[in-house]
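Enquirer: Sharing my_file-v8.txt below, compact mmCIF, C-alpha atoms:
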# COMPACT_ATOMS: atom_id res chain seq x y z
CA MET A 118 -115.00 35.38 -42.59
CA ASP A 119 -112.88 33.67 -39.90
CA MET A 120 -111.59 31.23 -42.47
CA VAL A 121 -111.43 33.51 -45.51
CA ILE A 122 -108.44 35.65 -44.48
CA PRO A 123 -106.11 32.80 -43.38
CA PHE A 124 -107.10 30.78 -46.43
CA ALA A 125 -106.46 33.77 -48.74
CA GLU A 126 -103.02 34.21 -47.16
CA VAL A 127 -102.19 30.56 -47.81
CA ILE A 128 -103.27 30.82 -51.45
CA LEU A 129 -101.43 34.10 -52.01
CA ALA A 130 -98.23 32.68 -50.47
CA ALA A 131 -98.55 29.61 -52.71
CA PHE A 132 -98.96 31.80 -55.83
CA VAL A 133 -95.87 33.80 -54.90
CA GLN A 134 -93.88 30.57 -54.55
CA ALA A 135 -95.26 29.38 -57.89
CA SER A 136 -93.96 32.57 -59.54
CA LEU A 137 -90.36 31.77 -58.57
CA GLN A 138 -88.30 30.31 -61.38
CA LEU A 139 -85.70 27.90 -60.03
CA GLN A 140 -87.92 24.81 -60.13
CA LEU A 141 -88.92 25.57 -63.74
CA GLY A 142 -85.32 26.17 -64.82
CA SER A 143 -84.17 22.90 -63.26
CA LEU A 144 -87.13 21.10 -64.79
CA LEU A 145 -86.19 22.37 -68.25
CA LEU A 146 -82.60 21.19 -67.76
CA LEU A 147 -83.87 17.82 -66.57
CA TYR A 148 -86.31 17.55 -69.48
CA HIS A 149 -83.63 18.43 -72.01
CA ALA A 150 -81.14 15.92 -70.60
CA SER A 151 -83.72 13.18 -70.20
CA LEU A 152 -85.40 13.57 -73.61
CA GLY A 153 -81.98 13.23 -75.22
CA LYS A 154 -81.24 9.96 -73.42
CA HIS A 155 -84.51 8.18 -72.76
CA VAL A 156 -87.80 7.36 -74.43
CA ARG A 157 -90.65 9.78 -73.69
CA LYS A 158 -92.37 7.44 -71.24
CA LYS A 159 -89.24 7.19 -69.07
CA THR A 160 -88.75 10.97 -69.28
CA ARG A 161 -92.32 11.56 -68.12
CA SER A 162 -91.75 9.26 -65.18
CA ILE A 163 -88.48 11.04 -64.26
CA VAL A 164 -90.15 14.45 -64.52
CA SER A 165 -93.08 13.29 -62.37
CA SER A 166 -90.61 12.13 -59.71
CA TYR A 167 -88.89 15.51 -59.83
CA ILE A 168 -92.22 17.30 -59.31
CA ALA A 169 -93.05 14.86 -56.51
CA GLY A 170 -89.73 15.79 -54.85
CA ILE A 171 -90.63 19.49 -54.90
CA GLY A 172 -94.14 18.77 -53.65
CA THR A 173 -92.96 16.49 -50.86
CA LEU A 174 -90.43 18.98 -49.51
CA THR A 175 -92.95 21.82 -49.68
CA PHE A 176 -95.62 19.74 -47.91
CA LEU A 177 -93.24 18.54 -45.20
CA ALA A 178 -91.69 21.97 -44.66
CA ILE A 179 -95.07 23.64 -44.11
CA ALA A 180 -96.30 20.77 -41.94
CA ALA A 181 -93.12 20.92 -39.82
CA ILE A 182 -93.24 24.73 -39.43
CA SER A 183 -96.95 24.55 -38.54
CA PHE A 184 -96.18 21.92 -35.92
CA MET A 185 -93.36 24.04 -34.45
CA PHE A 186 -95.58 27.13 -34.36
CA ASP A 187 -98.36 25.19 -32.69
CA ARG A 188 -95.94 23.70 -30.16
CA TYR A 189 -93.86 26.78 -29.29
CA PHE A 190 -95.71 29.94 -30.41
CA GLY A 191 -99.38 29.16 -29.76
CA ASP A 192 -102.10 29.76 -32.33
CA SER A 193 -100.83 32.98 -33.85
CA LEU A 194 -97.81 35.28 -33.96
CA TYR A 195 -97.55 38.53 -31.99
CA PRO A 196 -97.98 41.75 -34.01
CA GLU A 197 -94.25 42.50 -33.55
CA GLU A 198 -93.38 39.12 -35.08
CA VAL A 199 -95.81 39.79 -37.93
CA VAL A 200 -94.10 43.15 -38.57
CA ILE A 201 -90.73 41.34 -38.82
CA ILE A 202 -92.20 38.92 -41.38
CA VAL A 203 -93.79 41.81 -43.32
CA SER A 204 -90.39 43.55 -43.41
CA MET A 205 -88.78 40.36 -44.73
CA LEU A 206 -91.46 40.09 -47.43
CA ALA A 207 -90.85 43.71 -48.45
CA ALA A 208 -87.09 43.05 -48.57
CA LEU A 209 -87.67 39.95 -50.69
CA ALA A 210 -89.89 41.98 -53.05
CA VAL A 211 -87.03 44.42 -53.60
CA ILE A 212 -84.50 41.59 -53.98
CA VAL A 213 -86.71 39.88 -56.57
CA TRP A 214 -87.15 43.15 -58.52
CA ILE A 215 -83.49 44.07 -58.51
CA PHE A 216 -81.39 40.93 -58.08
CA TYR A 217 -83.37 37.72 -58.64
CA TYR A 218 -82.74 37.55 -62.39
CA LYS A 219 -79.35 38.34 -63.86
CA ARG A 220 -79.11 40.85 -66.68
CA GLY A 221 -79.04 39.83 -70.33
CA LYS A 222 -81.14 37.62 -72.55
CA SER A 223 -81.20 34.62 -70.25
CA THR A 224 -83.10 33.32 -67.26
CA GLU A 225 -80.02 33.01 -65.06
CA LEU A 226 -80.92 33.53 -61.43
CA TRP A 227 -79.31 35.19 -58.47
CA LEU A 228 -77.94 31.96 -57.03
CA PRO A 229 -74.45 31.11 -55.85
CA ARG A 230 -72.81 29.80 -59.02
CA SER A 231 -71.64 26.66 -57.22
CA VAL A 232 -75.29 25.83 -56.38
CA ALA A 233 -76.41 26.53 -59.96
CA LYS A 234 -73.61 24.34 -61.37
CA PHE A 235 -74.45 21.60 -58.87
CA ILE A 236 -78.13 21.57 -59.91
CA ASP A 237 -77.14 21.83 -63.59
CA SER A 238 -74.76 18.85 -63.41
CA HIS A 239 -77.24 16.75 -61.41
CA ALA A 240 -80.05 17.52 -63.87
CA LYS A 241 -77.82 16.30 -66.72
CA THR A 242 -76.83 13.05 -65.00
CA THR A 243 -80.22 12.13 -63.55
CA ASN A 244 -81.26 8.74 -64.89
CA SER A 245 -83.64 7.28 -62.33
CA ASN A 246 -86.78 8.31 -60.51
CA THR A 247 -84.95 8.39 -57.17
CA GLU A 248 -82.32 10.77 -58.52
CA ALA A 249 -85.05 12.96 -60.02
CA PHE A 250 -86.92 13.01 -56.70
CA SER A 251 -83.69 14.05 -54.94
CA LEU A 252 -83.14 16.76 -57.55
CA GLY A 253 -86.63 18.12 -56.83
CA VAL A 254 -85.85 18.19 -53.10
CA LEU A 255 -82.46 19.80 -53.77
CA THR A 256 -84.00 22.47 -55.99
CA SER A 257 -86.58 23.31 -53.33
CA LEU A 258 -83.83 23.57 -50.73
CA ALA A 259 -81.82 25.89 -52.98
CA GLU A 260 -84.88 28.16 -53.26
CA MET A 261 -85.41 28.25 -49.48
CA PRO A 262 -83.93 31.75 -49.01
CA PHE A 263 -87.03 32.99 -50.86
CA THR A 264 -89.60 30.38 -49.86
CA LEU A 265 -88.91 30.00 -46.14
CA VAL A 266 -90.76 33.22 -45.27
CA LEU A 267 -93.67 32.06 -47.46
CA PHE A 268 -93.76 28.78 -45.53
CA VAL A 269 -93.81 30.73 -42.26
CA VAL A 270 -96.69 32.92 -43.49
CA ALA A 271 -98.62 29.87 -44.70
CA ALA A 272 -97.99 27.92 -41.48
CA ASN A 273 -99.14 30.87 -39.35
CA SER A 274 -102.35 31.17 -41.38
CA ILE A 275 -102.98 27.43 -41.49
CA LEU A 276 -103.03 27.21 -37.69
CA LYS A 277 -106.03 29.57 -37.62
CA LEU A 278 -108.13 27.10 -39.60
CA PRO A 279 -110.15 24.13 -38.27
CA PRO A 280 -108.09 20.85 -38.15
CA LEU A 281 -109.49 19.33 -41.35
CA TRP A 282 -108.99 22.60 -43.25
CA GLN A 283 -105.40 22.75 -42.02
CA LEU A 284 -104.60 19.56 -43.91
CA ILE A 285 -106.59 20.73 -46.94
CA SER A 286 -104.73 24.06 -46.92
CA VAL A 287 -101.31 22.37 -46.89
CA VAL A 288 -102.40 20.20 -49.81
CA ILE A 289 -103.75 23.23 -51.71
CA TYR A 290 -100.54 25.20 -51.05
CA THR A 291 -98.40 22.32 -52.29
CA THR A 292 -100.58 21.83 -55.38
CA LEU A 293 -100.42 25.53 -56.31
CA ALA A 294 -96.66 25.65 -55.68
CA ILE A 295 -95.98 22.79 -58.11
CA LEU A 296 -98.60 23.95 -60.63
CA PRO A 297 -96.13 25.69 -63.02
CA ALA A 298 -94.03 22.51 -63.20
CA VAL A 299 -97.15 20.41 -63.85
CA ILE A 300 -98.29 22.85 -66.58
CA LEU A 301 -94.83 22.70 -68.17
CA ARG A 302 -94.96 18.90 -68.11
CA PHE A 303 -98.30 18.91 -69.93
CA ALA A 304 -97.09 21.58 -72.37
CA VAL A 305 -94.18 19.32 -73.38
CA ARG A 306 -96.56 16.37 -73.61
CA ARG A 307 -98.77 18.42 -75.94
CA GLY A 308 -95.82 19.00 -78.26
CA GLU A 309 -94.14 22.21 -77.05
CA THR A 310 -90.37 21.99 -77.30
CA ILE A 311 -87.93 22.86 -74.55
CA THR A 312 -86.52 25.70 -76.66
CA SER A 313 -89.92 27.28 -77.29
CA ILE A 314 -90.67 27.21 -73.55
CA GLN A 315 -87.26 28.71 -72.74
CA ARG A 316 -87.78 31.43 -75.37
CA TRP A 317 -91.13 32.23 -73.72
CA ARG A 318 -89.42 32.45 -70.32
CA VAL A 319 -86.75 34.81 -71.64
CA LYS A 320 -89.34 36.96 -73.44
CA HIS A 321 -91.53 37.31 -70.34
CA LYS A 322 -88.71 37.59 -67.84
CA THR A 323 -89.58 41.15 -66.81
CA PHE A 324 -93.24 40.24 -66.43
CA MET A 325 -92.36 37.28 -64.20
CA ARG A 326 -90.04 39.44 -62.13
CA VAL A 327 -92.75 42.05 -61.61
CA ILE A 328 -95.34 39.39 -60.74
CA SER A 329 -93.03 37.82 -58.13
CA GLY A 330 -92.03 41.16 -56.63
CA VAL A 331 -95.59 42.47 -56.50
CA GLY A 332 -96.72 39.13 -55.08
CA PHE A 333 -94.28 39.40 -52.16
CA LEU A 334 -95.35 43.01 -51.58
CA ILE A 335 -99.09 42.30 -51.70
CA LEU A 336 -98.67 39.36 -49.34
CA GLY A 337 -96.76 41.63 -46.95
CA LEU A 338 -99.46 44.33 -47.10
CA PHE A 339 -102.19 41.72 -46.68
CA LEU A 340 -100.45 40.28 -43.65
CA PHE A 341 -99.85 43.73 -42.17
CA ALA A 342 -103.47 44.77 -42.63
CA PHE A 343 -105.09 41.61 -41.30
CA GLU A 344 -102.56 40.39 -38.72
CA ALA A 345 -100.67 43.37 -37.34
CA LEU A 346 -103.32 46.11 -37.43
CA VAL A 347 -106.30 44.01 -36.28
CA MET B 246 -71.49 42.58 -69.98
CA ARG B 247 -71.74 39.24 -68.21
CA ARG B 248 -68.70 38.40 -66.11
CA LYS B 249 -67.38 34.98 -67.02
CA ASN B 250 -66.62 32.53 -64.27
CA LYS B 251 -63.43 30.48 -64.01
CA ARG B 252 -65.06 27.34 -65.37
CA GLU B 253 -66.25 29.07 -68.56
CA LEU B 254 -62.75 30.44 -69.13
CA ALA B 255 -60.95 27.20 -68.30
CA PRO B 256 -59.46 25.42 -71.34
CA VAL B 257 -61.19 22.18 -72.32
CA THR B 258 -59.91 19.21 -74.30
CA PHE B 259 -61.90 18.82 -77.48
CA ASP B 260 -63.24 15.36 -78.23
CA GLU B 261 -65.15 15.09 -81.51
CA LYS B 262 -66.81 11.82 -80.48
CA LYS B 263 -68.16 13.42 -77.27
CA LEU B 264 -69.34 16.44 -79.24
CA ARG B 265 -71.26 14.17 -81.63
CA GLU B 266 -72.90 12.35 -78.71
CA ASP B 267 -73.80 15.63 -77.04
CA LEU B 268 -75.21 17.10 -80.24
CA LEU B 269 -77.23 13.94 -80.88
CA HIS B 270 -78.72 14.10 -77.36
CA SER B 271 -79.61 17.76 -77.81
CA ALA B 272 -81.07 17.18 -81.26
CA LYS B 273 -83.17 14.30 -79.98
CA ALA B 274 -84.33 16.38 -77.00
CA ILE B 275 -85.72 19.11 -79.24
CA GLY B 276 -87.53 16.62 -81.43
CA ILE B 277 -85.28 16.33 -84.50
CA SER B 278 -85.66 12.88 -86.05
CA ILE B 279 -82.69 10.51 -85.69
CA GLY B 280 -81.91 10.39 -89.42
CA VAL B 281 -81.87 14.16 -89.86
CA ALA B 282 -80.02 14.60 -86.55
CA GLU B 283 -77.20 12.28 -87.60
CA ILE B 284 -76.66 14.19 -90.84
CA ILE B 285 -76.74 17.60 -89.12
CA VAL B 286 -74.52 16.43 -86.26
CA GLY B 287 -71.92 15.04 -88.67
CA LYS B 288 -71.72 18.35 -90.54
CA ILE B 289 -71.64 20.52 -87.40
CA SER B 290 -68.99 18.48 -85.58
CA GLN B 291 -66.80 18.38 -88.69
CA LYS B 292 -66.97 22.16 -89.12
CA VAL B 293 -66.35 22.79 -85.43
CA ALA B 294 -63.35 20.44 -85.46
CA GLU B 295 -61.95 22.31 -88.50
CA ARG B 296 -62.33 25.66 -86.73
CA LEU B 297 -60.67 24.33 -83.60
CA THR B 298 -57.56 23.08 -85.42
CA LYS B 299 -56.69 26.74 -86.06
CA ARG B 300 -56.65 27.54 -82.33
CA ALA B 301 -54.10 26.66 -79.67
CA ALA B 302 -56.67 26.65 -76.84
CA VAL B 303 -60.43 26.87 -76.53
CA THR B 304 -62.80 27.57 -73.63
CA THR B 305 -66.20 26.01 -73.01
CA ASP B 306 -67.81 29.33 -73.90
CA ASP B 307 -65.92 29.50 -77.22
CA LEU B 308 -66.79 25.91 -78.03
CA ASN B 309 -70.50 26.48 -77.36
CA ARG B 310 -70.41 29.63 -79.51
CA PHE B 311 -68.76 27.79 -82.43
CA ILE B 312 -71.33 24.98 -82.20
CA ALA B 313 -74.20 27.50 -82.05
CA GLU B 314 -72.85 29.34 -85.11
CA GLU B 315 -72.61 26.13 -87.12
CA ALA B 316 -75.93 24.77 -85.87
CA GLU B 317 -77.66 28.04 -86.86
CA LYS B 318 -77.22 27.02 -90.52
CA TYR B 319 -79.26 23.85 -90.06
CA ASN B 320 -81.59 24.23 -87.09
CA LYS B 321 -82.35 27.38 -85.07
CA ASP B 322 -83.58 25.44 -82.02
CA LEU B 323 -80.38 23.42 -81.83
CA ALA B 324 -78.36 26.64 -82.09
CA TYR B 325 -80.49 28.15 -79.34
CA VAL B 326 -79.65 25.23 -77.03
CA TYR B 327 -75.92 25.89 -77.39
CA LYS B 328 -76.28 29.68 -77.17
CA ASN B 329 -78.03 29.20 -73.82
CA ARG B 330 -75.78 26.57 -72.28
CA GLY B 331 -75.33 27.44 -68.61
CA LYS B 332 -77.81 30.32 -68.81
CA ILE B 333 -81.00 28.56 -67.76
CA ILE B 334 -80.65 28.82 -63.95
Would you put the structure from the file into structure tokens?
Expert:
Amino acid sequence: MDMVIPFAEVILAAFVQASLQLQLGSLLLLYHASLGKHVRKKTRSIVSSYIAGIGTLTFLAIAAISFMFDRYFGDSLYPEEVVIIVSMLAALAVIVWIFYYKRGKSTELWLPRSVAKFIDSHAKTTNSNTEAFSLGVLTSLAEMPFTLVLFVVAANSILKLPPLWQLISVVIYTTLAILPAVILRFAVRRGETITSIQRWRVKHKTFMRVISGVGFLILGLFLFAFEALV
Amino acid sequence: MRRKNKRELAPVTFDEKKLREDLLHSAKAIGISIGVAEIIVGKISQKVAERLTKRAAVTTDDLNRFIAEEAEKYNKDLAYVYKNRGKII
């Protein structure tokens, strides 16, 4: 039981991150630009580098936050600090429900337009694996306003696990966080087109918004019940 | 109604050669074969160029809409790409 709760928090946080849409949107832009310019093998390699960029930043961010927590906060956060995190998760749930997606039949996100244009233009001009890796890192950074709290939750939970399981948990978190991008990559490989995937995203936009919002809320309640009240 | 940003409203210089290249890339990306793509692209870019000669200025949004309207006649996926330009993230 000692391990179950922290591990469940890590997995839940990873699923919430996986439900966010910026990495998928950027990946679609990258896929579209790359398929138009390169052979499929080169495109697959570019897309893999992009996913590796997201995974690397996620892994390093959680590892760094875990290290900082271990160094400066001890093994776990005080209940007051947990309440602050829970409040932030609740606020993010509301933001995701109301603001995250823009209105209309598109998957435009609540991002500063300059950031969206920057990612858009870089996705279109990416020609090498290094550029794709950087784009993955950049996309993850752009999503940090939503993911940073998730990293904090995950890092706090990871520190409650035995050393070997800490590493395994970071790997599992990273794997789950990049899972939608990996699934999309295999969907394209199996013959799905970029337009059919985008149509699916537009059609299920409300569903994705609800899933993300509820995910943030459930994670907050979970954290409150098992960290603040205990 | 979506508020348009300055870039979407800014006038652009139309270049038929660039449009052909862009259309070919998009067509290839959605899996249209090269032969078919070249025929479709030729027809679309010609029609779009004809429509643009009647206008003094054109914005990126207008241009994408014209391309989408012409592409709709030949391939719905290609039209979808241009209808959703700048609306993915």
Enquirer: Nearest to Arg330 of chain B: which of B:Thr304, B:Ser278, B:Asn309, B:Thr258 is it, counting only C-alpha atoms?
Expert: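 Of all the options, B:Asn309 lies closest to Arg330 of chain B.
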Enquirer: Which residues of chain B have any atom within 6 Å of an atom in chain A when counting only C-alpha atoms, and what is the closest pair of atoms for each, with the distance in Å to one decimal? Order the rows by chain and rising number and write it as JSON lines.
Expert:
{"residue": "B:His270", "atom": "CA", "partner": "A:Gly153", "partner_atom": "CA", "distance": 4.0}
{"residue": "B:Ser271", "atom": "CA", "partner": "A:Gly153", "partner_atom": "CA", "distance": 5.7}
{"residue": "B:Lys273", "atom": "CA", "partner": "A:Gly153", "partner_atom": "CA", "distance": 5.0}
{"residue": "B:Ala274", "atom": "CA", "partner": "A:Gly153", "partner_atom": "CA", "distance": 4.3}
{"residue": "B:Ile275", "atom": "CA", "partner": "A:Thr310", "partner_atom": "CA", "distance": 5.8}
{"residue": "B:Lys332", "atom": "CA", "partner": "A:Glu225", "partner_atom": "CA", "distance": 5.1}
{"residue": "B:Ile333", "atom": "CA", "partner": "A:Thr224", "partner_atom": "CA", "distance": 5.2}
{"residue": "B:Ile334", "atom": "CA", "partner": "A:Glu225", "partner_atom": "CA", "distance": 4.4}
Enquirer: Specify the axis-aligned box that encloses all atoms of segment 295-300 of chain B listed in the file after padding of 6 Å on each side, stating its centre and edge lengths in Å to one decimal as lines of an AutoDock Vina configuration file.
Expert:
center_x = -59.5
center_y = 24.9
center_z = -85.4
size_x = 17.7
size_y = 17.2
size_z = 18.2
Enquirer: From the list A:Thr175, A:Ser162, A:Ser204, A:Thr323, which residue is nearest Ala135 of chain A when using only C-alpha atoms?
Expert: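 For Ala135 of chain A, the nearest of the candidates is A:Thr175.
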Enquirer: At what distance in Å, to one decimal, does atom CA of Pro123 of chain A lie from atom CA of Ser257 of chain A?
Expert: 23.9 Å
Enquirer: Report, in Å to a single decimal, how far apart atom CA of Glu283 of chain B and atom CA of Tyr319 of chain B are.
Expert: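 Computing the Euclidean distance for atom CA of Tyr319 of chain B and atom CA of Glu283 of chain B yields 12.0 Å.
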Enquirer: Skipping near chain neighbours, those fewer than 3 positions away, what residues fall within 12 Å of Lys262 of chain B using all atoms listed in the file, listed as number ranges by chain?
Expert: B: 258-259, 265-269, 286-287, 290-291, 294
Enquirer: Atom CA of Lys292 of chain B to atom CA of Ile279 of chain B: how many Å, to one decimal?
Expert: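 For atom CA of Lys292 of chain B relative to atom CA of Ile279 of chain B, the distance reads 19.9 Å.
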Enquirer: Counting all atoms listed in the file, which residue out of B:Ile277, B:Val293, B:Lys328, B:Leu323 sits closest to Arg310 of chain B?
Expert: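 Selected residue with least distance to Arg310 of chain B: B:Lys328.
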Enquirer: Of the candidates A:Thr264, A:Thr160, A:Thr256, A:Ser231, which one gets nearest to Phe333 of chain A if we count only C-alpha atoms?
Expert: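 Closest to Phe333 of chain A, using only C-alpha atoms: A:Thr264.
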Enquirer: What's the 12 Å shell around Ile201 of chain A, counting only C-alpha atoms, without same-chain residues fewer than 5 positions away, as an MDAnalysis selection string?
Expert: chainID A and resid 194:196 206:208 266 269:270 337 340:341 344:345
Enquirer: Store the residues picked out above in a file with C-alpha atoms, as a PDB file, in the frame of the given file.
Expert:
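See out.pdb below for the written result:
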ATOM      1  CA  LEU A 194     -97.810  35.280 -33.960  1.00  0.00           C
ATOM      2  CA  TYR A 195     -97.550  38.530 -31.990  1.00  0.00           C
ATOM      3  CA  PRO A 196     -97.980  41.750 -34.010  1.00  0.00           C
ATOM      4  CA  LEU A 206     -91.460  40.090 -47.430  1.00  0.00           C
ATOM      5  CA  ALA A 207     -90.850  43.710 -48.450  1.00  0.00           C
ATOM      6  CA  ALA A 208     -87.090  43.050 -48.570  1.00  0.00           C
ATOM      7  CA  VAL A 266     -90.760  33.220 -45.270  1.00  0.00           C
ATOM      8  CA  VAL A 269     -93.810  30.730 -42.260  1.00  0.00           C
ATOM      9  CA  VAL A 270     -96.690  32.920 -43.490  1.00  0.00           C
ATOM     10  CA  GLY A 337     -96.760  41.630 -46.950  1.00  0.00           C
ATOM     11  CA  LEU A 340    -100.450  40.280 -43.650  1.00  0.00           C
ATOM     12  CA  PHE A 341     -99.850  43.730 -42.170  1.00  0.00           C
ATOM     13  CA  GLU A 344    -102.560  40.390 -38.720  1.00  0.00           C
ATOM     14  CA  ALA A 345    -100.670  43.370 -37.340  1.00  0.00           C
TER      15      ALA A 345
END
